[in-house]
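> Below is the structure I would like to discuss, written out as structure tokens.
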Amino acid sequence: MKKKIIILTISTALLISACNHAKNADSNQSIENTYSLEIQEKPNGETTNDSSFPESNTENYNNYSGIYTDDSKDNASLSVSIDNKNHLTGNIFHAPNGHESEIDFDTHIENDTAKYSYTEDGWGGKGTLVFEFLDNQINIKVEDHITAENNSIGYGIQGEYTFRIIDPRLVQYSSLDKYDSSWSEDQIIDETYKRSKYIDNCNFWNEVVNYWENTREVRDIANIYTYLFHSDTIKYTKSDLENEPKLILNLGKNEIYARHGYIFKDENIENYFLGQIWYVPTTFPEDFDDSSLSEIEKENLVLFSELSQ
């Protein structure tokens, strides 16, 4: 009787142990299945993990953040800020002949486009800004524009704009406006004041002023909005320039480049031209293309270079 009890006890213990082992094995297998990723075969034989979380196809537009300009428009700029959720905020500004229009916008980008309806552009205008995001540029089209009744001339933000981003190195110059003959005296004075810091940092400016006053007999601010030489339209000869000082000839040579927005490495020369309200820096030396010069400019460049040595 005792033998049977002992055998039964041992058998029962073995059975319980086997059941517990099987239970633990099932439990471990369940955990592995919960956290494992299915391995799939790629067509080229490589393997990849197939996660249950699909990748987002939403494009991130925050690389468009920056300051833009439309060179085809008179004094048109665009300031853009975009976060990683494609929330678009900023400002569009246009001031043809000094008549300022401005719209602050706040919207969202989807599928390369965004829209923002506005009720005021500085002249009572209403409409919808339609943004299109392309390579290296943002196009804006104004739709459903309504001009205010008292705005008979039609100022305001309207039509189409092609904005290209300003090189970050040029942002420091984004507040500069380029003089044209339609400016009022107040506009000239305001821009001159804005640029006075550059003149103050040009160590030969007094020599240039002395030249204007005593050689050209110009004793007003014309020396900051008038070219030294009209080398873009007049073909000069040696006899035209033989009595000019070397400094003025050197500036005349560089003026040919400055007229095309060339940015000078020499700090004094750059400060001199930044003090000229007709000059706006746009192109670094490594990006400048000599083919942008006209034939007259090229011939004058050779002459000025020779005489300024």
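Each chain of the structure tokens is named A, B, ... in the order shown, its residues numbered from 1; ligands are numbered from 1 in display order.
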List as a list in words the protein and nucleic acid residues near Ile256 in chain A, meaning an atom at most 10 Å away when only C-alpha atoms are counted, but skip any in the same chain fewer than 4 places from it.

Tyr227, Phe229, His230, Ser231, Asp232, Leu251, Gly252, His260, Gly261, Tyr262, Leu293, Ser294, Glu297, Lys298, Asn300, Leu301 and Phe304 of chain A

> Using the selection just defined, write its residues with C-alpha atoms as an mmCIF file, in the first residue's frame.


```
data_model
loop_
_atom_site.group_PDB
_atom_site.id
_atom_site.type_symbol
_atom_site.label_atom_id
_atom_site.label_comp_id
_atom_site.auth_asym_id
_atom_site.auth_seq_id
_atom_site.Cartn_x
_atom_site.Cartn_y
_atom_site.Cartn_z
ATOM 1 C CA TYR A 227 26.361 107.779 -60.795
ATOM 2 C CA PHE A 229 29.934 107.919 -64.641
ATOM 3 C CA HIS A 230 27.149 106.824 -66.978
ATOM 4 C CA SER A 231 29.257 103.925 -68.167
ATOM 5 C CA ASP A 232 26.199 101.864 -69.052
ATOM 6 C CA LEU A 251 35.299 103.711 -58.226
ATOM 7 C CA GLY A 252 34.167 104.264 -61.809
ATOM 8 C CA HIS A 260 24.465 94.954 -61.421
ATOM 9 C CA GLY A 261 24.316 94.327 -57.667
ATOM 10 C CA TYR A 262 27.869 92.985 -57.336
ATOM 11 C CA LEU A 293 27.505 93.334 -68.786
ATOM 12 C CA SER A 294 26.622 95.146 -71.993
ATOM 13 C CA GLU A 297 30.114 98.386 -70.131
ATOM 14 C CA LYS A 298 32.751 95.831 -71.119
ATOM 15 C CA ASN A 300 34.446 100.983 -70.460
ATOM 16 C CA LEU A 301 35.601 98.403 -67.926
ATOM 17 C CA PHE A 304 38.748 102.325 -66.474
#
```

> Pick out the residues sitting within 12 Å of Gly122 in chain A, and hand them over as a PyMOL selection string; count only C-alpha atoms, and ignore anything fewer than 2 positions along from it in its own chain.

chain A and resi 92-95+99-104+118-120+124-126+147-148+151+154-158

> From the list A:Tyr116, A:Tyr68, A:Tyr179, A:Phe273, which residue is nearest Lys197 in chain A when using only C-alpha atoms?

A:Phe273

> Output as a ChimeraX atom specification all residues of range 63-197 of chain A that backbone DSSP marks as helix (DSSP H, G or I).

/A:63-64,96-98,168-173,185-197

> Restricted to C-alpha atoms, what would the selected residues look like written as a short mmCIF file (atom, residue, chain, number, x, y, z; two decimals), in the first residue's frame?


```cif
data_model
loop_
_atom_site.label_atom_id
_atom_site.label_comp_id
_atom_site.auth_asym_id
_atom_site.auth_seq_id
_atom_site.Cartn_x
_atom_site.Cartn_y
_atom_site.Cartn_z
CA ASN A 63 12.71 74.80 -45.31
CA TYR A 64 10.72 77.51 -47.13
CA PRO A 96 5.18 100.64 -55.79
CA ASN A 97 6.34 104.26 -55.89
CA GLY A 98 6.26 104.29 -52.11
CA PRO A 168 20.56 84.35 -45.90
CA ARG A 169 23.77 86.34 -46.31
CA LEU A 170 21.71 89.11 -47.94
CA VAL A 171 19.06 89.37 -45.24
CA GLN A 172 21.05 92.17 -43.59
CA TYR A 173 20.38 94.26 -46.71
CA GLU A 185 12.51 114.32 -51.49
CA ASP A 186 11.34 112.74 -48.23
CA GLN A 187 11.95 109.23 -49.60
CA ILE A 188 15.46 110.20 -50.67
CA ILE A 189 16.22 111.68 -47.25
CA ASP A 190 14.82 108.62 -45.44
CA GLU A 191 16.88 106.19 -47.50
CA THR A 192 19.98 108.36 -47.14
CA TYR A 193 19.58 108.31 -43.37
CA LYS A 194 19.12 104.53 -43.43
CA ARG A 195 22.43 104.12 -45.26
CA SER A 196 24.45 106.72 -43.35
CA LYS A 197 26.11 104.02 -41.22
#
```

> Any idea what the distance is between CA of Asp106 in chain A and CA of His145 in chain A?

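So the answer is 18.3 Å.
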